[in-house]
>>> print(open('entry-v5.cif').read())   # mmCIF, C-alpha atoms and all ligand atoms
data_input
loop_
_atom_site.label_atom_id
_atom_site.label_comp_id
_atom_site.auth_asym_id
_atom_site.auth_seq_id
_atom_site.Cartn_x
_atom_site.Cartn_y
_atom_site.Cartn_z
CA MET A 1 73.85 -48.03 26.00
CA LYS A 2 70.74 -47.51 23.92
CA ASP A 3 67.81 -49.33 25.43
CA LYS A 4 65.73 -50.50 22.53
CA LYS A 5 64.55 -53.58 20.75
CA ILE A 6 67.17 -55.36 18.68
CA PHE A 7 65.71 -57.16 15.70
CA VAL A 8 67.40 -59.92 13.76
CA THR A 9 67.74 -57.69 10.73
CA ARG A 10 67.10 -54.18 9.48
CA SER A 11 66.66 -53.32 5.82
CA LEU A 12 69.40 -51.46 3.97
CA MET A 13 68.04 -48.12 2.70
CA PRO A 14 69.52 -45.09 0.97
CA SER A 15 68.82 -41.68 2.52
CA TYR A 16 65.32 -40.34 1.93
CA GLU A 17 66.67 -37.50 -0.24
CA GLU A 18 68.73 -39.86 -2.35
CA TYR A 19 65.75 -42.04 -3.19
CA ILE A 20 63.35 -39.14 -3.77
CA ASP A 21 65.83 -37.57 -6.14
CA ALA A 22 66.29 -40.82 -7.99
CA ILE A 23 62.57 -41.47 -8.57
CA LYS A 24 61.83 -37.93 -9.83
CA PRO A 25 62.24 -38.82 -13.54
CA LEU A 26 59.34 -41.25 -13.25
CA TRP A 27 57.00 -38.24 -13.06
CA ASP A 28 58.21 -37.20 -16.52
CA SER A 29 58.20 -40.59 -18.19
CA HIS A 30 55.15 -42.13 -16.47
CA TRP A 31 56.86 -45.46 -17.24
CA LEU A 32 56.40 -47.44 -14.03
CA THR A 33 57.00 -51.07 -14.95
CA ASN A 34 57.29 -53.52 -17.90
CA MET A 35 61.07 -53.68 -18.18
CA GLY A 36 61.64 -49.95 -18.14
CA ARG A 37 64.85 -47.96 -18.21
CA TYR A 38 65.75 -48.58 -14.55
CA HIS A 39 64.97 -52.26 -14.82
CA GLN A 40 67.49 -52.49 -17.64
CA GLU A 41 70.06 -50.41 -15.84
CA LEU A 42 69.81 -52.49 -12.67
CA GLU A 43 70.00 -55.72 -14.64
CA GLU A 44 73.25 -54.56 -16.26
CA LYS A 45 74.78 -53.30 -13.01
CA LEU A 46 73.88 -56.44 -11.08
CA LYS A 47 75.24 -58.66 -13.83
CA ARG A 48 78.56 -56.91 -13.36
CA TYR A 49 78.44 -56.76 -9.58
CA LEU A 50 77.49 -60.43 -9.25
CA ASP A 51 80.00 -61.40 -11.93
CA VAL A 52 77.59 -63.65 -13.82
CA PRO A 53 77.27 -64.21 -17.60
CA GLN A 54 73.54 -63.40 -17.78
CA LEU A 55 70.91 -62.12 -15.43
CA SER A 56 67.14 -61.78 -15.45
CA LEU A 57 65.54 -59.51 -12.85
CA MET A 58 62.34 -60.68 -11.19
CA VAL A 59 59.67 -59.43 -8.83
CA ASN A 60 61.11 -61.61 -6.03
CA GLY A 61 63.48 -64.49 -5.40
CA HIS A 62 60.73 -67.06 -5.19
CA MET A 63 59.36 -66.31 -8.66
CA ALA A 64 62.91 -66.29 -10.01
CA LEU A 65 63.28 -69.83 -8.69
CA GLU A 66 59.86 -70.98 -9.84
CA LEU A 67 60.28 -69.61 -13.37
CA THR A 68 63.87 -70.85 -13.70
CA ILE A 69 62.62 -74.36 -12.97
CA GLN A 70 59.70 -73.87 -15.39
CA ALA A 71 62.11 -72.67 -18.10
CA MET A 72 63.86 -76.04 -17.96
CA SER A 73 60.68 -77.88 -19.03
CA PHE A 74 61.06 -80.99 -16.87
CA PRO A 75 58.44 -83.72 -17.28
CA GLU A 76 55.64 -83.63 -14.71
CA GLY A 77 56.34 -85.71 -11.61
CA ALA A 78 60.11 -85.79 -12.15
CA GLU A 79 62.37 -85.74 -9.08
CA VAL A 80 64.56 -82.91 -7.85
CA ILE A 81 67.17 -83.60 -5.17
CA THR A 82 67.20 -80.75 -2.67
CA THR A 83 67.75 -79.83 0.98
CA PRO A 84 65.11 -79.48 3.71
CA PHE A 85 67.32 -77.08 5.72
CA THR A 86 66.15 -73.95 3.94
CA PHE A 87 63.35 -71.44 3.64
CA VAL A 88 60.12 -73.07 2.47
CA SER A 89 60.33 -71.16 -0.84
CA THR A 90 62.94 -73.65 -2.13
CA THR A 91 60.59 -76.61 -1.69
CA HIS A 92 57.51 -74.69 -2.83
CA ALA A 93 59.22 -73.78 -6.11
CA ILE A 94 59.71 -77.48 -6.87
CA VAL A 95 56.23 -78.59 -5.83
CA ARG A 96 54.48 -75.71 -7.61
CA ASN A 97 56.19 -76.88 -10.80
CA HIS A 98 54.55 -80.32 -10.35
CA LEU A 99 57.88 -81.93 -9.53
CA ARG A 100 58.79 -84.10 -6.55
CA PRO A 101 61.36 -82.91 -4.00
CA VAL A 102 63.72 -85.63 -2.80
CA PHE A 103 65.28 -84.45 0.43
CA CYS A 104 68.97 -85.01 0.96
CA ASP A 105 70.73 -84.58 4.31
CA VAL A 106 73.15 -81.71 4.96
CA LYS A 107 76.64 -81.47 6.42
CA PRO A 108 76.92 -80.53 10.11
CA GLU A 109 79.92 -78.26 9.52
CA ASP A 110 78.17 -75.76 7.23
CA GLY A 111 74.54 -76.80 6.67
CA THR A 112 74.90 -77.25 2.91
CA ILE A 113 73.71 -80.36 1.05
CA ASP A 114 75.86 -83.44 1.78
CA GLU A 115 77.20 -84.14 -1.70
CA SER A 116 78.33 -87.64 -0.66
CA LYS A 117 74.65 -88.59 -0.17
CA ILE A 118 73.30 -87.28 -3.48
CA GLU A 119 74.15 -90.23 -5.72
CA ASN A 120 72.22 -92.68 -3.54
CA LEU A 121 69.05 -90.66 -4.11
CA ILE A 122 69.29 -90.57 -7.90
CA THR A 123 66.66 -92.65 -9.75
CA GLU A 124 65.60 -92.79 -13.41
CA CYS A 125 63.14 -89.99 -12.56
CA THR A 126 65.78 -87.53 -11.29
CA VAL A 127 66.16 -84.44 -13.48
CA ALA A 128 67.91 -81.85 -11.30
CA ILE A 129 69.75 -80.99 -8.10
CA LEU A 130 68.60 -77.89 -6.23
CA PRO A 131 71.07 -77.12 -3.41
CA VAL A 132 71.06 -74.00 -1.22
CA HIS A 133 74.05 -71.83 -0.31
CA VAL A 134 72.50 -71.54 3.13
CA TYR A 135 73.57 -68.39 5.11
CA GLY A 136 75.94 -67.78 2.20
CA ASN A 137 77.85 -70.99 3.04
CA ILE A 138 78.92 -72.29 -0.31
CA CYS A 139 78.00 -75.83 -1.42
CA ASN A 140 80.62 -78.17 -2.81
CA VAL A 141 79.99 -76.85 -6.32
CA GLU A 142 82.75 -78.95 -7.92
CA LYS A 143 81.52 -82.30 -6.64
CA ILE A 144 77.88 -81.42 -7.35
CA GLN A 145 78.77 -80.53 -10.95
CA GLU A 146 80.65 -83.82 -11.30
CA ILE A 147 77.57 -85.77 -10.20
CA ALA A 148 75.32 -83.70 -12.48
CA ASN A 149 77.58 -84.37 -15.46
CA LYS A 150 77.73 -88.08 -14.74
CA TYR A 151 73.93 -88.45 -14.62
CA ASN A 152 73.02 -85.64 -17.02
CA LEU A 153 71.18 -83.55 -14.42
CA LYS A 154 70.59 -79.79 -14.22
CA VAL A 155 71.94 -77.88 -11.22
CA ILE A 156 69.97 -74.90 -9.92
CA TYR A 157 71.35 -73.14 -6.85
CA ASP A 158 69.16 -71.30 -4.42
CA ALA A 159 71.62 -68.44 -3.87
CA ALA A 160 69.09 -66.25 -2.03
CA HIS A 161 71.63 -65.83 0.81
CA ALA A 162 74.69 -65.48 -1.38
CA PHE A 163 74.44 -62.01 -2.92
CA GLY A 164 77.92 -60.90 -3.94
CA VAL A 165 79.65 -64.01 -2.61
CA THR A 166 82.57 -65.18 -4.73
CA TYR A 167 84.21 -68.60 -4.83
CA LYS A 168 87.67 -68.97 -6.34
CA GLU A 169 87.32 -65.36 -7.48
CA LYS A 170 84.22 -66.07 -9.56
CA GLY A 171 80.71 -64.83 -8.82
CA ILE A 172 78.85 -67.62 -7.03
CA GLY A 173 76.04 -67.31 -9.58
CA SER A 174 78.32 -68.54 -12.35
CA TYR A 175 78.32 -72.10 -10.99
CA GLY A 176 75.72 -74.67 -12.08
CA ASP A 177 73.10 -74.16 -14.80
CA ALA A 178 71.39 -71.36 -12.90
CA SER A 179 71.48 -69.56 -9.56
CA VAL A 180 68.69 -67.59 -8.00
CA PHE A 181 69.14 -64.51 -5.79
CA SER A 182 66.65 -62.75 -3.53
CA PHE A 183 66.53 -59.00 -3.05
CA HIS A 184 63.89 -59.12 -0.35
CA ALA A 185 63.99 -56.38 2.28
CA THR A 186 65.55 -58.77 4.81
CA LYS A 187 68.46 -59.78 2.59
CA VAL A 188 71.96 -58.24 2.40
CA PHE A 189 70.93 -56.28 -0.71
CA ASN A 190 67.31 -55.36 -1.37
CA THR A 191 65.02 -53.82 -3.96
CA ILE A 192 62.21 -53.85 -1.34
CA GLU A 193 60.94 -57.04 -3.00
CA GLY A 194 62.93 -58.45 -5.85
CA GLY A 195 65.14 -61.19 -7.12
CA ALA A 196 67.04 -62.48 -10.12
CA ALA A 197 68.10 -65.60 -11.94
CA ALA A 198 71.68 -65.90 -13.19
CA PHE A 199 72.72 -68.38 -15.89
CA SER A 200 74.99 -68.69 -18.91
CA ASP A 201 72.64 -70.07 -21.56
CA HIS A 202 71.54 -67.31 -24.00
CA PHE A 203 68.27 -69.08 -24.68
CA MET A 204 67.35 -68.75 -20.99
CA TYR A 205 67.30 -64.97 -21.07
CA ASP A 206 64.57 -64.80 -23.70
CA LYS A 207 62.66 -67.66 -22.12
CA LEU A 208 62.63 -65.98 -18.69
CA HIS A 209 61.83 -62.61 -20.27
CA ASP A 210 58.65 -64.19 -21.68
CA LEU A 211 57.83 -66.24 -18.59
CA LYS A 212 57.92 -63.24 -16.29
CA ASN A 213 55.55 -61.42 -18.65
CA PHE A 214 52.69 -63.95 -19.00
CA GLY A 215 54.59 -65.94 -21.64
CA ILE A 216 54.00 -63.20 -24.18
CA ARG A 217 56.36 -63.49 -27.15
CA GLY A 218 54.82 -60.95 -29.50
CA GLU A 219 51.91 -58.56 -29.57
CA GLU A 220 49.55 -61.30 -30.66
CA LEU A 221 51.54 -64.34 -29.61
CA VAL A 222 51.63 -66.15 -26.26
CA THR A 223 53.98 -69.13 -26.37
CA ASP A 224 54.18 -70.10 -22.68
CA VAL A 225 51.86 -70.29 -19.70
CA GLY A 226 53.84 -67.63 -17.92
CA ALA A 227 53.37 -65.62 -14.75
CA ASN A 228 53.64 -61.95 -13.90
CA ALA A 229 57.02 -61.53 -12.23
CA LYS A 230 58.29 -58.19 -13.50
CA LEU A 231 60.21 -55.86 -11.19
CA ASN A 232 58.72 -52.36 -11.20
CA GLU A 233 60.68 -49.13 -11.65
CA PHE A 234 60.35 -47.94 -8.03
CA CYS A 235 61.93 -51.18 -6.85
CA ALA A 236 64.60 -51.06 -9.54
CA ILE A 237 65.54 -47.54 -8.42
CA MET A 238 65.70 -48.69 -4.79
CA GLY A 239 68.14 -51.34 -6.00
CA LEU A 240 70.27 -48.82 -7.90
CA CYS A 241 70.47 -46.64 -4.78
CA ASN A 242 71.26 -49.54 -2.44
CA LEU A 243 73.89 -50.87 -4.80
CA LYS A 244 75.89 -47.68 -4.20
CA HIS A 245 76.08 -48.53 -0.50
CA ILE A 246 76.51 -52.27 -0.65
CA THR A 247 80.30 -52.39 -0.38
CA ASN A 248 80.18 -50.31 2.76
CA ALA A 249 77.29 -52.35 4.17
CA ILE A 250 79.15 -55.63 3.65
CA PHE A 251 82.28 -54.14 5.22
CA CYS A 252 80.30 -53.14 8.34
CA ARG A 253 78.77 -56.61 8.52
CA LYS A 254 82.26 -58.13 8.34
CA MET A 255 83.45 -56.08 11.32
CA LEU A 256 80.38 -57.08 13.32
CA CYS A 257 80.75 -60.78 12.47
CA GLU A 258 84.38 -60.69 13.55
CA GLU A 259 83.33 -59.19 16.87
CA TYR A 260 80.67 -61.88 17.44
CA GLU A 261 83.21 -64.56 16.55
CA LYS A 262 85.85 -63.19 18.87
CA GLN A 263 83.42 -62.98 21.76
CA LEU A 264 81.69 -66.32 21.24
CA LYS A 265 84.47 -68.62 20.11
CA ASP A 266 85.33 -69.93 23.58
CA VAL A 267 81.82 -70.26 24.98
CA PRO A 268 81.29 -73.97 25.75
CA GLY A 269 78.43 -75.45 23.70
CA ILE A 270 78.21 -72.57 21.24
CA ARG A 271 79.45 -73.63 17.82
CA MET A 272 79.83 -71.63 14.64
CA PHE A 273 79.75 -72.90 11.07
CA LYS A 274 83.03 -73.72 9.38
CA LYS A 275 84.32 -71.33 6.76
CA LYS A 276 85.22 -72.65 3.35
CA ALA A 277 88.53 -71.67 1.75
CA ASN A 278 88.55 -69.36 -1.29
CA VAL A 279 85.22 -67.77 -0.42
CA ASP A 280 84.61 -64.04 -0.19
CA SER A 281 81.62 -63.85 2.12
CA ASN A 282 78.78 -61.29 2.25
CA TYR A 283 78.35 -61.71 6.04
CA GLY A 284 74.62 -62.00 5.51
CA TYR A 285 73.78 -63.89 8.71
CA PHE A 286 75.34 -64.82 12.00
CA PRO A 287 74.02 -68.28 12.87
CA ILE A 288 75.19 -70.08 16.01
CA LEU A 289 74.57 -73.67 17.06
CA VAL A 290 73.48 -74.24 20.63
CA GLU A 291 74.83 -77.70 21.41
CA LYS A 292 74.63 -80.18 24.30
CA GLU A 293 77.42 -78.67 26.41
CA TYR A 294 75.55 -75.39 26.59
CA PRO A 295 73.52 -75.14 29.83
CA LEU A 296 70.27 -74.24 28.02
CA GLU A 297 68.43 -75.63 25.06
CA ARG A 298 68.21 -73.46 21.96
CA ASN A 299 64.56 -72.58 22.57
CA MET A 300 65.34 -71.43 26.10
CA LEU A 301 68.17 -69.22 24.92
CA TYR A 302 65.82 -67.80 22.28
CA GLU A 303 63.34 -66.95 25.05
CA ARG A 304 65.96 -65.43 27.35
CA LEU A 305 67.20 -63.17 24.58
CA LYS A 306 63.63 -62.23 23.74
CA GLU A 307 63.04 -61.20 27.36
CA ALA A 308 65.90 -58.74 26.90
CA GLU A 309 64.21 -57.51 23.69
CA ILE A 310 66.77 -59.19 21.46
CA TYR A 311 64.88 -60.93 18.68
CA THR A 312 66.77 -63.87 17.16
CA ARG A 313 65.37 -66.33 14.62
CA LYS A 314 65.26 -70.12 14.44
CA TYR A 315 66.33 -70.18 10.80
CA PHE A 316 65.61 -72.89 9.67
CA TYR A 317 63.25 -74.72 11.95
CA PRO A 318 61.26 -76.83 11.25
CA LEU A 319 62.73 -78.53 8.19
CA THR A 320 60.66 -77.80 5.09
CA SER A 321 60.16 -81.55 4.62
CA ASP A 322 58.17 -81.57 7.89
CA GLN A 323 55.80 -78.74 6.99
CA SER A 324 52.14 -79.70 7.14
CA CYS A 325 51.39 -78.40 3.63
CA PHE A 326 53.36 -81.34 2.16
CA GLY A 327 51.72 -83.96 4.39
CA ASN A 328 53.42 -87.27 3.82
CA GLN A 329 53.57 -86.89 0.05
CA PHE A 330 57.33 -86.93 -0.19
CA GLY A 331 59.73 -89.49 1.17
CA LYS A 332 62.09 -88.49 3.93
CA ALA A 333 65.42 -90.22 3.79
CA ASP A 334 67.74 -90.08 6.77
CA LEU A 335 67.86 -86.36 7.60
CA LYS A 336 69.72 -86.73 10.88
CA ASN A 337 72.16 -83.85 10.46
CA ALA A 338 69.52 -81.50 9.10
CA ARG A 339 67.26 -82.31 12.06
CA GLU A 340 70.03 -81.66 14.54
CA LEU A 341 70.92 -78.32 12.95
CA ALA A 342 67.27 -77.28 12.86
CA GLU A 343 67.02 -78.06 16.60
CA ASN A 344 70.19 -76.14 17.49
CA VAL A 345 70.48 -73.18 15.17
CA LEU A 346 69.83 -69.60 16.21
CA VAL A 347 70.46 -66.60 13.96
CA LEU A 348 71.68 -63.59 15.92
CA PRO A 349 70.91 -59.96 15.03
CA LEU A 350 73.05 -58.64 12.18
CA TYR A 351 72.74 -55.58 9.97
CA GLU A 352 75.14 -52.85 8.97
CA THR A 353 73.99 -50.32 11.56
CA LEU A 354 74.08 -52.75 14.50
CA THR A 355 76.50 -51.43 17.11
CA MET A 356 79.32 -53.14 18.99
CA GLN A 357 77.40 -52.33 22.21
CA GLU A 358 74.37 -54.18 20.90
CA ILE A 359 76.55 -57.19 20.12
CA GLU A 360 77.98 -56.93 23.62
CA LYS A 361 74.46 -57.04 25.05
CA SER A 362 73.56 -60.27 23.20
CA VAL A 363 76.90 -61.88 23.97
CA GLU A 364 76.65 -61.07 27.66
CA ILE A 365 73.33 -62.89 27.91
CA ILE A 366 74.65 -65.86 25.96
CA LYS A 367 77.75 -66.06 28.18
CA LYS A 368 76.14 -65.75 31.58
CA MET A 369 73.37 -68.33 31.08
CA ARG A 370 72.94 -70.93 33.76
CA VAL A 371 70.16 -73.50 33.91
C1 LIG B 401 64.45 -65.26 0.90
C2 LIG B 401 64.60 -66.64 0.35
C3 LIG B 401 63.91 -67.08 -0.80
C4 LIG B 401 62.80 -66.31 -1.43
O1 LIG B 401 63.12 -65.04 -1.82
P1 LIG B 401 61.98 -63.90 -1.89
O2 LIG B 401 62.71 -62.78 -2.56
O3 LIG B 401 61.59 -63.59 -0.50
O4 LIG B 401 60.86 -64.43 -2.71
C5 LIG B 401 64.21 -68.32 -1.30
N1 LIG B 401 65.11 -69.12 -0.71
C6 LIG B 401 65.76 -68.77 0.41
C7 LIG B 401 66.76 -69.71 0.99
C8 LIG B 401 65.51 -67.53 1.00
O5 LIG B 401 66.11 -67.19 2.14
#
>>> encode(input="entry-v5.cif", output="structure tokens")
Amino acid sequence: MKDKKIFVTRSLMPSYEEYIDAIKPLWDSHWLTNMGRYHQELEEKLKRYLDVPQLSLMVNGHMALELTIQAMSFPEGAEVITTPFTFVSTTHAIVRNHLRPVFCDVKPEDGTIDESKIENLITECTVAILPVHVYGNICNVEKIQEIANKYNLKVIYDAAHAFGVTYKEKGIGSYGDASVFSFHATKVFNTIEGGAAAFSDHFMYDKLHDLKNFGIRGEELVTDVGANAKLNEFCAIMGLCNLKHITNAIFCRKMLCEEYEKQLKDVPGIRMFKKKANVDSNYGYFPILVEKEYPLERNMLYERLKEAEIYTRKYFYPLTSDQSCFGNQFGKADLKNARELAENVLVLPLYETLTMQEIEKSVEIIKKMRV
């Protein structure tokens, strides 16, 4: 067995030669950014791969989320119903748009927003719902759309974890008004840093095109207070290379997840999230829940694994609603389930080149723990 550190993730990369070959043309064109040839090519290819009507590439997932919200022109101070069991980017994107996050509890079985609790949180100030397909677990998109239609709200999904996931044979990014993906180095598919917004409205494409380029509409015309969120050509080429290997990478992840599942399913106190029917997963993460019947608390297990140089992550702890940057500005409804998940969750190492022996090593430690 190899004796080395096992990290929670490892970035997908093409071979060195493949990437070097692919970037060569940039030394002829000297076109490095500003929606160049590779930006366009990647946008087209991802639109097809993700099976979404429209797609706008961005410099990262966070800016894709922030600009998608901006593109919807909500009145300042309006309320957005969201989940606290996520990466802080989700909440930041709302707050940085001068909107108020209203935190809704999640479901214990999969960590996604509890759709039965959304309606109670709707006020005359509510303008949108921003749920997260956390770990690639798919929200109840049908029920959420029903609520949105009834109250005339926008639905924006944080699909940062859901690259390539399909539900009922449709790309997950085709649900709701918009979905945002992240292509950060730690995600299933990466462009080093990168992201995209998917949507169906034609107007959105032009709007986001301007917003990611300072709001510039024409050579002498700036119509929006935009940002700079353009993906450069080196990153776009990294994406084009990685896209060639993504099917294989997801297949490897699937095999590894099945091994973890097989080995952990009968360990008392270790629970796994429930799988939803009609979902084709991307096997992006392998979260476990360390519950009462387990002899150790989650934090202790985290430490024991770390002692063996196995680096897991407490994704997502603490809840974003509890982060000090928000102080007590935003109300916290009953977030009992979210709190419990945040206390219990541990994401185990998972990436396409992880070996069965490395899984064995983690599992052995998890299985033999005594107080
Ligand atoms: C990674 C992530 C983001 C942000 O994406 P970046 O590409 O890192 O900016 C947003 N939301 C969630 C849930 C994420 O995991």
>>> atom_distance(input="entry-v5.cif", atom1="CA of Lys4 in chain A", atom2="CA of Glu352 in chain A")
16.7 Å
>>> residues_around(input="entry-v5.cif", residues="Glu41 in chain A", least_positions_apart="5", cutoff="9 Å", atoms="all atoms listed in the file", output="short mmCIF file (atom, residue, chain, number, x, y, z; two decimals) with C-alpha atoms, keeping the file's coordinate frame")
data_model
loop_
_atom_site.label_atom_id
_atom_site.label_comp_id
_atom_site.auth_asym_id
_atom_site.auth_seq_id
_atom_site.Cartn_x
_atom_site.Cartn_y
_atom_site.Cartn_z
CA GLY A 36 61.64 -49.95 -18.14
CA LEU A 46 73.88 -56.44 -11.08
CA ALA A 236 64.60 -51.06 -9.54
CA LEU A 240 70.27 -48.82 -7.90
#
>>> residues_around(input="entry-v5.cif", residues="Gly111 in chain A", least_positions_apart="2", cutoff="12 Å", atoms="all atoms listed in the file", output="mmCIF file with C-alpha atoms, in the coordinates of the input")
data_model
loop_
_atom_site.group_PDB
_atom_site.id
_atom_site.type_symbol
_atom_site.label_atom_id
_atom_site.label_comp_id
_atom_site.auth_asym_id
_atom_site.auth_seq_id
_atom_site.Cartn_x
_atom_site.Cartn_y
_atom_site.Cartn_z
ATOM 1 C CA THR A 83 67.750 -79.830 0.980
ATOM 2 C CA PRO A 84 65.110 -79.480 3.710
ATOM 3 C CA PHE A 85 67.320 -77.080 5.720
ATOM 4 C CA THR A 86 66.150 -73.950 3.940
ATOM 5 C CA CYS A 104 68.970 -85.010 0.960
ATOM 6 C CA ASP A 105 70.730 -84.580 4.310
ATOM 7 C CA VAL A 106 73.150 -81.710 4.960
ATOM 8 C CA LYS A 107 76.640 -81.470 6.420
ATOM 9 C CA PRO A 108 76.920 -80.530 10.110
ATOM 10 C CA GLU A 109 79.920 -78.260 9.520
ATOM 11 C CA ILE A 113 73.710 -80.360 1.050
ATOM 12 C CA ASP A 114 75.860 -83.440 1.780
ATOM 13 C CA GLU A 115 77.200 -84.140 -1.700
ATOM 14 C CA PRO A 131 71.070 -77.120 -3.410
ATOM 15 C CA VAL A 132 71.060 -74.000 -1.220
ATOM 16 C CA HIS A 133 74.050 -71.830 -0.310
ATOM 17 C CA VAL A 134 72.500 -71.540 3.130
ATOM 18 C CA TYR A 135 73.570 -68.390 5.110
ATOM 19 C CA GLY A 136 75.940 -67.780 2.200
ATOM 20 C CA ASN A 137 77.850 -70.990 3.040
ATOM 21 C CA ILE A 138 78.920 -72.290 -0.310
ATOM 22 C CA CYS A 139 78.000 -75.830 -1.420
ATOM 23 C CA ASN A 140 80.620 -78.170 -2.810
ATOM 24 C CA MET A 272 79.830 -71.630 14.640
ATOM 25 C CA PHE A 273 79.750 -72.900 11.070
ATOM 26 C CA LYS A 274 83.030 -73.720 9.380
ATOM 27 C CA LYS A 275 84.320 -71.330 6.760
ATOM 28 C CA LYS A 276 85.220 -72.650 3.350
ATOM 29 C CA PRO A 287 74.020 -68.280 12.870
ATOM 30 C CA ILE A 288 75.190 -70.080 16.010
ATOM 31 C CA LEU A 289 74.570 -73.670 17.060
ATOM 32 C CA TYR A 315 66.330 -70.180 10.800
ATOM 33 C CA PHE A 316 65.610 -72.890 9.670
ATOM 34 C CA LEU A 335 67.860 -86.360 7.600
ATOM 35 C CA LYS A 336 69.720 -86.730 10.880
ATOM 36 C CA ASN A 337 72.160 -83.850 10.460
ATOM 37 C CA ALA A 338 69.520 -81.500 9.100
ATOM 38 C CA ARG A 339 67.260 -82.310 12.060
ATOM 39 C CA GLU A 340 70.030 -81.660 14.540
ATOM 40 C CA LEU A 341 70.920 -78.320 12.950
ATOM 41 C CA ALA A 342 67.270 -77.280 12.860
ATOM 42 C CA ASN A 344 70.190 -76.140 17.490
ATOM 43 C CA VAL A 345 70.480 -73.180 15.170
#
>>> closest_atom_pairs(input="entry-v5.cif", of="chain A", to="ligand LIG 401 (chain B)", cutoff="6 Å", atoms="all atoms listed in the file", output="Markdown table")
| residue | atom | partner | partner_atom | distance |
| --- | --- | --- | --- | --- |
| A:Asn60 | CA | B:LIG401 | O2 | 4.0 |
| A:Gly61 | CA | B:LIG401 | O2 | 3.4 |
| A:His62 | CA | B:LIG401 | O4 | 3.6 |
| A:Thr86 | CA | B:LIG401 | C7 | 5.2 |
| A:Phe87 | CA | B:LIG401 | C7 | 4.7 |
| A:Ser89 | CA | B:LIG401 | C5 | 4.8 |
| A:Thr90 | CA | B:LIG401 | N1 | 5.2 |
| A:Asp158 | CA | B:LIG401 | N1 | 5.9 |
| A:Ala160 | CA | B:LIG401 | C6 | 4.8 |
| A:His161 | CA | B:LIG401 | O5 | 5.8 |
| A:Ser182 | CA | B:LIG401 | O2 | 4.1 |
| A:Phe183 | CA | B:LIG401 | O2 | 5.4 |
| A:His184 | CA | B:LIG401 | O2 | 4.4 |
| A:Gly194 | CA | B:LIG401 | O2 | 5.4 |
| A:Gly195 | CA | B:LIG401 | O2 | 5.4 |
>>> closest_residue(input="entry-v5.cif", among="A:Cys252, A:Val95, A:Val363, A:Leu243", to="Thr82 in chain A", atoms="all atoms listed in the file")
A:Val95
>>> residues_around(input="entry-v5.cif", residues="Phe199 in chain A", least_positions_apart="2", cutoff="12 Å", atoms="only C-alpha atoms", output="count of residues only")
39
>>> closest_residue(input="entry-v5.cif", among="A:Thr186, A:Tyr260, A:Leu67, A:Glu233", to="Ser29 in chain A", atoms="all atoms listed in the file")
A:Glu233
>>> residues_around(input="entry-v5.cif", residues="Ala148 in chain A", least_positions_apart="3", cutoff="10 Å", atoms="all atoms listed in the file", output="MDAnalysis selection string")
chainID A and resid 118:119 127:129 142:145 151:155 176
>>> closest_residue(input="entry-v5.cif", among="A:Phe189, A:Trp27, A:Tyr19, A:Tyr38", to="Leu231 in chain A", atoms="only C-alpha atoms")
A:Tyr38
>>> atom_distance(input="entry-v5.cif", atom1="CA of Gly284 in chain A", atom2="CA of Ala249 in chain A")
10.1 Å
>>> closest_residue(input="entry-v5.cif", among="A:Pro318, A:Phe163, A:Asp334, A:Val267", to="Met369 in chain A", atoms="only C-alpha atoms")
A:Val267
>>> atom_distance(input="entry-v5.cif", atom1="CA of Glu18 in chain A", atom2="CA of Met58 in chain A")
23.5 Å
>>> residues_around(input="entry-v5.cif", residues="Ile365 in chain A", least_positions_apart="2", cutoff="9 Å", atoms="only C-alpha atoms", output="PDB file with C-alpha atoms, in the coordinates of the input")
ATOM      1  CA  LEU A 301      68.170 -69.220  24.920  1.00  0.00           C
ATOM      2  CA  ARG A 304      65.960 -65.430  27.350  1.00  0.00           C
ATOM      3  CA  LEU A 305      67.200 -63.170  24.580  1.00  0.00           C
ATOM      4  CA  ALA A 308      65.900 -58.740  26.900  1.00  0.00           C
ATOM      5  CA  GLU A 360      77.980 -56.930  23.620  1.00  0.00           C
ATOM      6  CA  LYS A 361      74.460 -57.040  25.050  1.00  0.00           C
ATOM      7  CA  SER A 362      73.560 -60.270  23.200  1.00  0.00           C
ATOM      8  CA  VAL A 363      76.900 -61.880  23.970  1.00  0.00           C
ATOM      9  CA  LYS A 367      77.750 -66.060  28.180  1.00  0.00           C
ATOM     10  CA  LYS A 368      76.140 -65.750  31.580  1.00  0.00           C
ATOM     11  CA  MET A 369      73.370 -68.330  31.080  1.00  0.00           C
TER      12      MET A 369
END
